[in-house]
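*Asks:* One structure follows; several queries about it will come next.
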There are 2 protein chains.
Amino acid sequence: MTQTREEFEARLRRIGEERYHDKHPFHHLLHGGRCTPDQVRAWVINRYYYQSRIPMKDAAFMSRVEDPKLRRAWRSRIEDHDGTAENEGGIARWLKLAEAVGLDPDYVASGVGILPATKFAVDAYVRFVRDKTLLEAVASSLTELFAPKIHAERIEGLLANYDFADDVSMSYFRKRLSEAPKDVAFGLAWVLDHADTREKQDAAAAALTFKTDVLWAQLDALYSAYVEPARIPPGGWVPGEGMALARAS
Amino acid sequence: MTQTREEFEARLRRIGEERYHDKHPFHHLLHGGRCTPDQVRAWVINRYYYQSRIPMKDAAFMSRVEDPKLRRAWRSRIEDHDGTAENEGGIARWLKLAEAVGLDPDYVASGVGILPATKFAVDAYVRFVRDKTLLEAVASSLTELFAPKIHAERIEGLLANYDFADDVSMSYFRKRLSEAPKDVAFGLAWVLDHADTREKQDAAAAALTFKTDVLWAQLDALYSAYVEPARIPPGGWVPGEGMALARAS
């Protein structure tokens, strides 16, 4: 039976409560200050891949949207990540974090050293948005519902525990605190409006579940590769690689 | 043997001289003032489909671009068509032309009445950009090299010959006179820089040739359906449909 709007929204929020990656042990290590500098670097390198694919995912979505108004509303997500004349954008801000943890931002942007499992998960997300229904694509973005909490925890945890954390290196997370709620309010309303049968509600819930898997798998890959007993797979970043050189002068 | 930059650019420009749709008899009818009002309407309805798919094509391109700088440069094309806070955008301007020729803009935007052959050609273009190499995708946009001339001819020919033509209804073409050269300067430089083997030059030339086919096929379809002896296919707009109602008051 089709769920009421309220039941369906509660169901979506429950998915976050049960499966969002703020429950993952790597998140606890990180915001609790128990990550080594190299573990933080591995996180920054791998998460960059996710960041860098988000605008491609959003463009893939827009490429399938026939309604100019919906495309226009969605376009701000790409602007938030790729930047505008006034706003450097989330990708550039993430590279500032990379610099703050001692990495060469060009190395990070090159994509070398990213764990294969990170790529598989992220690429699966981009493909999902390209291939599934628009409803499923929008629903898969709704992990943003749960993001402000994790960003706030990260800012607090990183500032309290790591020397590299300051206003510049934390700027990505601070900016997302204002961007994500705007995006998710739009996305949630759209999903609630369009999931008007039980079948569509189930598909939307499955899409959001899939997305929590995409995020979780990335932290699993990090944990497996870089938390003792660390098993860095072939091709994965090896501590010491890609560090910023001490600048002359 | 790889062509020099100059030889290769000349080769691309020759494709326009030989195959661009300003050579098509429908274009001559239109800008020469020899189209009936219904033929103009059929052109406006069908060309809307092309306009409406261009931002989807550009988003499909961006969804495959890994370089944030290239995505950002390309994004302005979507803004030009879908609009921004300051700029209503090309699609909205095209609907003003639709209104000026007596059509209901909602009918035009609905996509009803578009010739199947128009859809086949335009959809082939979107698919081409989604599936081919980035070089071929950018090269296929280079028909913009030849567009300012056709827009200028259209503005002059339509203003001279049709009552509906005024500053508002011609605003789409006037705006493109400034937008297209900016886009094409970027695209041409990108193609000349990246087509660094004969094989790539051949692929880029073939992509531009393909795009001229996409444009030509649209005018062929119009000619076949609406120029005597007119053979409107099933599903094609029939004169009288989709007209704006006389407004109350």
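By order in the structure tokens, chains are A, B, ...; within a chain, residues start at 1; ligands start at 1, following the order shown.
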With 10 Å as the limit and counting only C-alpha atoms, what residues in chain B lie close to chain A? Please list them as a ChimeraX atom specification.
*Replies:* /B:52-72,75,78-79,81-85,89,91-92,109,126,130
*Asks:* Since we have the selection now, will you write its residues out, keeping N, CA and C atoms, as a short mmCIF file (atom, residue, chain, number, x, y, z; two decimals), in the first residue's frame?
*Replies:*
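Output (out_15.cif):
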```cif
data_model
loop_
_atom_site.label_atom_id
_atom_site.label_comp_id
_atom_site.auth_asym_id
_atom_site.auth_seq_id
_atom_site.Cartn_x
_atom_site.Cartn_y
_atom_site.Cartn_z
N SER B 52 15.87 22.66 -27.27
CA SER B 52 15.59 22.11 -25.93
C SER B 52 16.55 20.99 -25.58
N ARG B 53 17.15 20.36 -26.58
CA ARG B 53 18.07 19.24 -26.31
C ARG B 53 19.52 19.70 -26.17
N ILE B 54 19.81 20.91 -26.57
CA ILE B 54 21.21 21.36 -26.52
C ILE B 54 21.75 21.35 -25.09
N PRO B 55 21.00 21.84 -24.09
CA PRO B 55 21.56 21.78 -22.72
C PRO B 55 21.73 20.34 -22.23
N MET B 56 20.88 19.43 -22.69
CA MET B 56 21.03 18.03 -22.30
C MET B 56 22.30 17.47 -22.95
N LYS B 57 22.54 17.85 -24.18
CA LYS B 57 23.76 17.45 -24.87
C LYS B 57 24.98 17.99 -24.13
N ASP B 58 24.91 19.25 -23.73
CA ASP B 58 26.07 19.84 -23.05
C ASP B 58 26.28 19.22 -21.67
N ALA B 59 25.19 18.87 -21.01
CA ALA B 59 25.33 18.19 -19.71
C ALA B 59 25.91 16.78 -19.91
N ALA B 60 25.51 16.11 -20.98
CA ALA B 60 26.08 14.79 -21.28
C ALA B 60 27.58 14.91 -21.50
N PHE B 61 27.98 15.96 -22.19
CA PHE B 61 29.42 16.20 -22.36
C PHE B 61 30.09 16.40 -21.01
N MET B 62 29.53 17.30 -20.21
CA MET B 62 30.15 17.60 -18.91
C MET B 62 30.21 16.37 -18.01
N SER B 63 29.25 15.47 -18.18
CA SER B 63 29.23 14.29 -17.32
C SER B 63 30.41 13.38 -17.60
N ARG B 64 31.13 13.63 -18.69
CA ARG B 64 32.26 12.78 -19.06
C ARG B 64 33.59 13.51 -18.91
N VAL B 65 33.54 14.77 -18.50
CA VAL B 65 34.76 15.57 -18.41
C VAL B 65 35.32 15.50 -16.99
N GLU B 66 36.56 15.07 -16.87
CA GLU B 66 37.17 14.92 -15.55
C GLU B 66 37.84 16.20 -15.07
N ASP B 67 38.10 17.12 -15.96
CA ASP B 67 38.82 18.35 -15.61
C ASP B 67 37.83 19.44 -15.19
N PRO B 68 37.86 19.84 -13.89
CA PRO B 68 36.90 20.85 -13.43
C PRO B 68 36.96 22.15 -14.26
N LYS B 69 38.14 22.51 -14.73
CA LYS B 69 38.25 23.77 -15.51
C LYS B 69 37.51 23.66 -16.83
N LEU B 70 37.62 22.51 -17.48
CA LEU B 70 36.90 22.34 -18.75
C LEU B 70 35.40 22.29 -18.51
N ARG B 71 35.00 21.60 -17.44
CA ARG B 71 33.55 21.59 -17.13
C ARG B 71 33.04 23.00 -16.89
N ARG B 72 33.84 23.77 -16.16
CA ARG B 72 33.40 25.13 -15.81
C ARG B 72 33.28 25.99 -17.07
N ARG B 75 30.16 24.99 -18.92
CA ARG B 75 28.88 25.21 -18.22
C ARG B 75 28.15 26.44 -18.75
N ILE B 78 25.24 25.85 -21.05
CA ILE B 78 23.96 25.48 -20.45
C ILE B 78 23.27 26.72 -19.90
N GLU B 79 24.06 27.58 -19.28
CA GLU B 79 23.48 28.83 -18.76
C GLU B 79 22.88 29.66 -19.89
N HIS B 81 21.48 28.69 -22.54
CA HIS B 81 20.20 28.14 -23.02
C HIS B 81 19.13 28.06 -21.92
N ASP B 82 19.52 27.57 -20.75
CA ASP B 82 18.53 27.40 -19.68
C ASP B 82 18.27 28.68 -18.90
N GLY B 83 19.21 29.62 -18.98
CA GLY B 83 19.03 30.89 -18.29
C GLY B 83 19.70 30.93 -16.94
N THR B 84 19.83 32.15 -16.44
CA THR B 84 20.41 32.40 -15.12
C THR B 84 19.51 33.44 -14.46
N ALA B 85 19.94 33.89 -13.28
CA ALA B 85 19.16 34.92 -12.59
C ALA B 85 19.05 36.18 -13.45
N GLY B 89 17.60 33.25 -20.96
CA GLY B 89 18.08 32.04 -21.64
C GLY B 89 17.46 31.83 -23.01
N ILE B 91 16.16 29.20 -24.52
CA ILE B 91 14.91 28.44 -24.67
C ILE B 91 13.71 29.35 -24.45
N ALA B 92 13.80 30.19 -23.42
CA ALA B 92 12.71 31.14 -23.17
C ALA B 92 12.59 32.14 -24.32
N ALA B 109 6.38 24.02 -26.23
CA ALA B 109 7.24 23.42 -25.21
C ALA B 109 6.85 21.98 -24.91
N VAL B 126 22.60 14.04 -29.50
CA VAL B 126 22.80 13.90 -28.05
C VAL B 126 23.54 12.59 -27.75
N ARG B 130 27.28 11.84 -26.10
CA ARG B 130 27.36 10.99 -24.91
C ARG B 130 28.36 9.85 -25.12
#
```
*Asks:* Where does chain A end up after superposition onto chain B over all in-order Cα pairs? Give it as an mmCIF file with C-alpha atoms, in the first residue's frame.
*Replies:*
```cif
data_model
loop_
_atom_site.group_PDB
_atom_site.id
_atom_site.type_symbol
_atom_site.label_atom_id
_atom_site.label_comp_id
_atom_site.auth_asym_id
_atom_site.auth_seq_id
_atom_site.Cartn_x
_atom_site.Cartn_y
_atom_site.Cartn_z
ATOM 1 C CA MET A 1 50.220 12.649 -42.546
ATOM 2 C CA THR A 2 49.197 14.929 -39.720
ATOM 3 C CA GLN A 3 47.953 18.246 -41.071
ATOM 4 C CA THR A 4 49.382 21.507 -39.801
ATOM 5 C CA ARG A 5 47.172 23.530 -37.503
ATOM 6 C CA GLU A 6 46.351 25.860 -40.399
ATOM 7 C CA GLU A 7 45.596 23.058 -42.872
ATOM 8 C CA PHE A 8 43.392 21.324 -40.346
ATOM 9 C CA GLU A 9 41.467 24.492 -39.464
ATOM 10 C CA ALA A 10 40.942 25.187 -43.178
ATOM 11 C CA ARG A 11 39.653 21.644 -43.608
ATOM 12 C CA LEU A 12 37.119 22.155 -40.823
ATOM 13 C CA ARG A 13 35.969 25.458 -42.314
ATOM 14 C CA ARG A 14 35.574 23.840 -45.723
ATOM 15 C CA ILE A 15 33.108 21.382 -44.220
ATOM 16 C CA GLY A 16 30.915 24.328 -43.321
ATOM 17 C CA GLU A 17 31.275 25.890 -46.747
ATOM 18 C CA GLU A 18 30.149 22.679 -48.382
ATOM 19 C CA ARG A 19 27.578 21.251 -45.997
ATOM 20 C CA TYR A 20 26.226 23.804 -43.508
ATOM 21 C CA HIS A 21 22.449 24.176 -43.584
ATOM 22 C CA ASP A 22 22.585 27.761 -44.821
ATOM 23 C CA LYS A 23 22.804 26.017 -48.234
ATOM 24 C CA HIS A 24 19.484 24.257 -47.732
ATOM 25 C CA PRO A 25 16.494 25.358 -49.849
ATOM 26 C CA PHE A 26 14.334 25.725 -46.736
ATOM 27 C CA HIS A 27 16.758 28.312 -45.360
ATOM 28 C CA HIS A 28 16.505 30.248 -48.616
ATOM 29 C CA LEU A 29 12.708 30.133 -48.519
ATOM 30 C CA LEU A 30 12.701 31.298 -44.931
ATOM 31 C CA HIS A 31 15.107 34.199 -45.009
ATOM 32 C CA GLY A 32 13.912 35.188 -48.477
ATOM 33 C CA GLY A 33 10.406 35.791 -47.137
ATOM 34 C CA ARG A 34 8.876 33.021 -49.214
ATOM 35 C CA CYS A 35 7.692 30.842 -46.351
ATOM 36 C CA THR A 36 3.996 30.864 -45.523
ATOM 37 C CA PRO A 37 3.106 31.646 -41.904
ATOM 38 C CA ASP A 38 2.459 27.936 -41.341
ATOM 39 C CA GLN A 39 5.843 26.982 -42.745
ATOM 40 C CA VAL A 40 7.452 29.462 -40.362
ATOM 41 C CA ARG A 41 5.442 27.920 -37.518
ATOM 42 C CA ALA A 42 6.507 24.407 -38.489
ATOM 43 C CA TRP A 43 10.130 25.585 -38.416
ATOM 44 C CA VAL A 44 9.675 27.202 -34.989
ATOM 45 C CA ILE A 45 8.031 24.066 -33.560
ATOM 46 C CA ASN A 46 10.666 21.690 -34.884
ATOM 47 C CA ARG A 47 13.659 23.841 -34.158
ATOM 48 C CA TYR A 48 12.421 24.124 -30.586
ATOM 49 C CA TYR A 49 13.222 20.448 -30.160
ATOM 50 C CA TYR A 50 16.803 21.070 -31.173
ATOM 51 C CA GLN A 51 17.081 24.053 -28.836
ATOM 52 C CA SER A 52 15.602 22.116 -25.944
ATOM 53 C CA ARG A 53 18.083 19.246 -26.337
ATOM 54 C CA ILE A 54 21.209 21.367 -26.527
ATOM 55 C CA PRO A 55 21.578 21.793 -22.751
ATOM 56 C CA MET A 56 21.037 18.053 -22.312
ATOM 57 C CA LYS A 57 23.760 17.463 -24.880
ATOM 58 C CA ASP A 58 26.075 19.848 -23.049
ATOM 59 C CA ALA A 59 25.318 18.194 -19.711
ATOM 60 C CA ALA A 60 26.059 14.798 -21.278
ATOM 61 C CA PHE A 61 29.407 16.209 -22.348
ATOM 62 C CA MET A 62 30.135 17.614 -18.895
ATOM 63 C CA SER A 63 29.213 14.303 -17.302
ATOM 64 C CA ARG A 64 32.234 12.790 -19.037
ATOM 65 C CA VAL A 65 34.746 15.573 -18.378
ATOM 66 C CA GLU A 66 37.137 14.915 -15.504
ATOM 67 C CA ASP A 67 38.791 18.335 -15.552
ATOM 68 C CA PRO A 68 36.866 20.845 -13.391
ATOM 69 C CA LYS A 69 38.248 23.750 -15.467
ATOM 70 C CA LEU A 70 36.904 22.334 -18.727
ATOM 71 C CA ARG A 71 33.555 21.585 -17.112
ATOM 72 C CA ARG A 72 33.398 25.132 -15.800
ATOM 73 C CA ALA A 73 34.195 26.627 -19.206
ATOM 74 C CA TRP A 74 31.540 24.442 -20.817
ATOM 75 C CA ARG A 75 28.887 25.229 -18.227
ATOM 76 C CA SER A 76 28.252 28.675 -19.708
ATOM 77 C CA ARG A 77 26.628 26.982 -22.702
ATOM 78 C CA ILE A 78 23.970 25.488 -20.470
ATOM 79 C CA GLU A 79 23.496 28.844 -18.773
ATOM 80 C CA ASP A 80 23.076 30.506 -22.176
ATOM 81 C CA HIS A 81 20.221 28.151 -23.032
ATOM 82 C CA ASP A 82 18.543 27.410 -19.705
ATOM 83 C CA GLY A 83 19.032 30.905 -18.312
ATOM 84 C CA THR A 84 20.418 32.442 -15.143
ATOM 85 C CA ALA A 85 19.166 34.967 -12.617
ATOM 86 C CA GLU A 86 20.137 37.753 -15.044
ATOM 87 C CA ASN A 87 19.507 36.107 -18.403
ATOM 88 C CA GLU A 88 16.219 34.442 -19.345
ATOM 89 C CA GLY A 89 18.096 32.065 -21.662
ATOM 90 C CA GLY A 90 17.787 30.898 -25.249
ATOM 91 C CA ILE A 91 14.936 28.451 -24.674
ATOM 92 C CA ALA A 92 12.715 31.164 -23.174
ATOM 93 C CA ARG A 93 13.691 33.491 -26.010
ATOM 94 C CA TRP A 94 12.771 30.852 -28.579
ATOM 95 C CA LEU A 95 9.324 30.558 -26.982
ATOM 96 C CA LYS A 96 8.901 34.323 -27.477
ATOM 97 C CA LEU A 97 9.471 33.735 -31.163
ATOM 98 C CA ALA A 98 6.838 30.978 -30.995
ATOM 99 C CA GLU A 99 4.400 33.439 -29.453
ATOM 100 C CA ALA A 100 5.215 36.049 -32.073
ATOM 101 C CA VAL A 101 4.278 33.669 -34.888
ATOM 102 C CA GLY A 102 0.914 32.968 -33.256
ATOM 103 C CA LEU A 103 1.718 29.682 -31.511
ATOM 104 C CA ASP A 104 0.865 28.789 -27.949
ATOM 105 C CA PRO A 105 4.284 28.581 -26.263
ATOM 106 C CA ASP A 106 3.018 25.807 -23.973
ATOM 107 C CA TYR A 107 2.100 23.764 -27.037
ATOM 108 C CA VAL A 108 5.548 24.292 -28.507
ATOM 109 C CA ALA A 109 7.272 23.434 -25.208
ATOM 110 C CA SER A 110 5.176 20.261 -24.913
ATOM 111 C CA GLY A 111 6.982 18.717 -27.871
ATOM 112 C CA VAL A 112 3.731 17.576 -29.479
ATOM 113 C CA GLY A 113 3.790 17.777 -33.256
ATOM 114 C CA ILE A 114 7.536 17.592 -33.669
ATOM 115 C CA LEU A 115 8.403 15.571 -36.747
ATOM 116 C CA PRO A 116 9.790 12.114 -35.963
ATOM 117 C CA ALA A 117 12.692 12.795 -38.336
ATOM 118 C CA THR A 118 13.589 15.890 -36.304
ATOM 119 C CA LYS A 119 13.698 13.805 -33.148
ATOM 120 C CA PHE A 120 15.775 11.087 -34.763
ATOM 121 C CA ALA A 121 18.370 13.585 -35.948
ATOM 122 C CA VAL A 122 18.532 15.558 -32.700
ATOM 123 C CA ASP A 123 18.564 12.472 -30.504
ATOM 124 C CA ALA A 124 21.384 11.088 -32.627
ATOM 125 C CA TYR A 125 23.363 14.239 -31.808
ATOM 126 C CA VAL A 126 22.799 13.907 -28.056
ATOM 127 C CA ARG A 127 23.812 10.248 -28.227
ATOM 128 C CA PHE A 128 26.879 11.087 -30.286
ATOM 129 C CA VAL A 129 28.097 13.507 -27.639
ATOM 130 C CA ARG A 130 27.362 10.996 -24.896
ATOM 131 C CA ASP A 131 29.156 8.104 -26.584
ATOM 132 C CA LYS A 132 32.028 9.392 -28.699
ATOM 133 C CA THR A 133 35.402 10.711 -27.619
ATOM 134 C CA LEU A 134 35.574 14.143 -26.003
ATOM 135 C CA LEU A 135 37.435 15.367 -29.081
ATOM 136 C CA GLU A 136 34.613 14.257 -31.369
ATOM 137 C CA ALA A 137 32.055 15.757 -29.001
ATOM 138 C CA VAL A 138 33.772 19.147 -29.025
ATOM 139 C CA ALA A 139 34.354 18.997 -32.783
ATOM 140 C CA SER A 140 30.656 18.361 -33.342
ATOM 141 C CA SER A 141 29.906 21.696 -31.662
ATOM 142 C CA LEU A 142 31.980 23.581 -34.219
ATOM 143 C CA THR A 143 29.035 24.234 -36.525
ATOM 144 C CA GLU A 144 28.891 27.344 -34.326
ATOM 145 C CA LEU A 145 31.765 28.524 -36.529
ATOM 146 C CA PHE A 146 29.233 29.016 -39.289
ATOM 147 C CA ALA A 147 26.291 30.172 -37.162
ATOM 148 C CA PRO A 148 26.846 33.930 -36.890
ATOM 149 C CA LYS A 149 26.431 34.277 -40.658
ATOM 150 C CA ILE A 150 23.165 32.331 -40.675
ATOM 151 C CA HIS A 151 21.828 34.200 -37.636
ATOM 152 C CA ALA A 152 22.639 37.542 -39.232
ATOM 153 C CA GLU A 153 20.947 36.455 -42.477
ATOM 154 C CA ARG A 154 17.927 35.261 -40.538
ATOM 155 C CA ILE A 155 17.556 38.473 -38.583
ATOM 156 C CA GLU A 156 17.824 40.527 -41.760
ATOM 157 C CA GLY A 157 15.608 38.255 -43.843
ATOM 158 C CA LEU A 158 12.937 37.803 -41.212
ATOM 159 C CA LEU A 159 12.804 41.512 -40.304
ATOM 160 C CA ALA A 160 12.494 42.480 -43.974
ATOM 161 C CA ASN A 161 9.818 39.948 -44.817
ATOM 162 C CA TYR A 162 7.603 39.043 -41.870
ATOM 163 C CA ASP A 163 5.311 41.140 -39.686
ATOM 164 C CA PHE A 164 6.035 39.016 -36.615
ATOM 165 C CA ALA A 165 9.717 39.866 -36.686
ATOM 166 C CA ASP A 166 10.656 42.509 -34.139
ATOM 167 C CA ASP A 167 13.207 43.037 -31.389
ATOM 168 C CA VAL A 168 11.468 40.640 -29.013
ATOM 169 C CA SER A 169 10.927 37.779 -31.435
ATOM 170 C CA MET A 170 14.419 38.152 -32.878
ATOM 171 C CA SER A 171 16.085 38.277 -29.449
ATOM 172 C CA TYR A 172 17.170 34.622 -29.654
ATOM 173 C CA PHE A 173 19.231 35.250 -32.779
ATOM 174 C CA ARG A 174 20.660 38.559 -31.605
ATOM 175 C CA LYS A 175 21.827 36.981 -28.369
ATOM 176 C CA ARG A 176 23.421 34.073 -30.211
ATOM 177 C CA LEU A 177 25.426 36.559 -32.280
ATOM 178 C CA SER A 178 27.414 37.339 -29.141
ATOM 179 C CA GLU A 179 27.268 33.923 -27.415
ATOM 180 C CA ALA A 180 28.256 31.648 -30.300
ATOM 181 C CA PRO A 181 31.608 33.293 -31.128
ATOM 182 C CA LYS A 182 32.739 33.022 -27.490
ATOM 183 C CA ASP A 183 31.831 29.311 -27.397
ATOM 184 C CA VAL A 184 33.327 28.485 -30.742
ATOM 185 C CA ALA A 185 36.606 30.281 -30.091
ATOM 186 C CA PHE A 186 37.050 28.042 -27.071
ATOM 187 C CA GLY A 187 35.904 24.893 -28.893
ATOM 188 C CA LEU A 188 38.010 25.498 -31.982
ATOM 189 C CA ALA A 189 41.164 26.127 -29.960
ATOM 190 C CA TRP A 190 40.486 22.974 -27.946
ATOM 191 C CA VAL A 191 40.041 20.862 -31.081
ATOM 192 C CA LEU A 192 43.131 22.302 -32.764
ATOM 193 C CA ASP A 193 45.130 21.620 -29.595
ATOM 194 C CA HIS A 194 43.891 18.069 -29.084
ATOM 195 C CA ALA A 195 43.690 16.713 -32.627
ATOM 196 C CA ASP A 196 47.436 16.055 -32.692
ATOM 197 C CA THR A 197 47.493 13.027 -34.980
ATOM 198 C CA ARG A 198 46.028 12.499 -38.434
ATOM 199 C CA GLU A 199 43.696 9.879 -36.992
ATOM 200 C CA LYS A 200 42.291 12.361 -34.497
ATOM 201 C CA GLN A 201 42.037 15.070 -37.154
ATOM 202 C CA ASP A 202 40.029 12.704 -39.332
ATOM 203 C CA ALA A 203 37.768 11.800 -36.415
ATOM 204 C CA ALA A 204 37.188 15.479 -35.609
ATOM 205 C CA ALA A 205 36.405 16.302 -39.222
ATOM 206 C CA ALA A 206 33.999 13.358 -39.383
ATOM 207 C CA ALA A 207 32.294 14.579 -36.207
ATOM 208 C CA LEU A 208 31.782 18.043 -37.674
ATOM 209 C CA THR A 209 30.472 16.475 -40.883
ATOM 210 C CA PHE A 210 28.077 14.347 -38.818
ATOM 211 C CA LYS A 211 26.799 17.501 -37.121
ATOM 212 C CA THR A 212 26.154 19.237 -40.434
ATOM 213 C CA ASP A 213 24.107 16.145 -41.338
ATOM 214 C CA VAL A 214 22.087 16.547 -38.123
ATOM 215 C CA LEU A 215 21.226 20.129 -39.049
ATOM 216 C CA TRP A 216 20.570 19.398 -42.718
ATOM 217 C CA ALA A 217 18.277 16.463 -41.940
ATOM 218 C CA GLN A 218 16.087 18.758 -39.839
ATOM 219 C CA LEU A 219 15.506 21.119 -42.759
ATOM 220 C CA ASP A 220 14.961 18.186 -45.116
ATOM 221 C CA ALA A 221 12.257 16.898 -42.764
ATOM 222 C CA LEU A 222 10.598 20.322 -42.697
ATOM 223 C CA TYR A 223 10.772 20.660 -46.450
ATOM 224 C CA SER A 224 9.333 17.219 -47.018
ATOM 225 C CA ALA A 225 6.484 17.747 -44.572
ATOM 226 C CA TYR A 226 5.485 21.355 -45.207
ATOM 227 C CA VAL A 227 6.654 22.554 -48.624
ATOM 228 C CA GLU A 228 4.425 21.637 -51.564
ATOM 229 C CA PRO A 229 3.738 18.879 -52.279
ATOM 230 C CA ALA A 230 3.562 18.677 -48.478
ATOM 231 C CA ARG A 231 3.591 15.217 -46.942
ATOM 232 C CA ILE A 232 3.075 15.665 -43.209
ATOM 233 C CA PRO A 233 3.893 12.334 -41.594
ATOM 234 C CA PRO A 234 1.753 10.812 -38.849
ATOM 235 C CA GLY A 235 2.290 12.718 -35.607
ATOM 236 C CA GLY A 236 3.624 15.829 -37.331
ATOM 237 C CA TRP A 237 2.132 19.240 -36.541
ATOM 238 C CA VAL A 238 -0.928 20.030 -38.635
ATOM 239 C CA PRO A 239 -1.490 23.729 -39.386
ATOM 240 C CA GLY A 240 -4.126 25.136 -37.052
ATOM 241 C CA GLU A 241 -3.036 23.049 -34.062
ATOM 242 C CA GLY A 242 -1.338 24.620 -31.065
ATOM 243 C CA MET A 243 -2.270 28.212 -31.901
ATOM 244 C CA ALA A 244 -2.392 30.796 -29.145
ATOM 245 C CA LEU A 245 -5.980 31.506 -28.167
ATOM 246 C CA ALA A 246 -7.159 35.068 -28.552
ATOM 247 C CA ARG A 247 -6.778 36.394 -25.021
ATOM 248 C CA ALA A 248 -9.849 37.473 -23.095
ATOM 249 C CA SER A 249 -9.973 41.262 -22.570
#
```
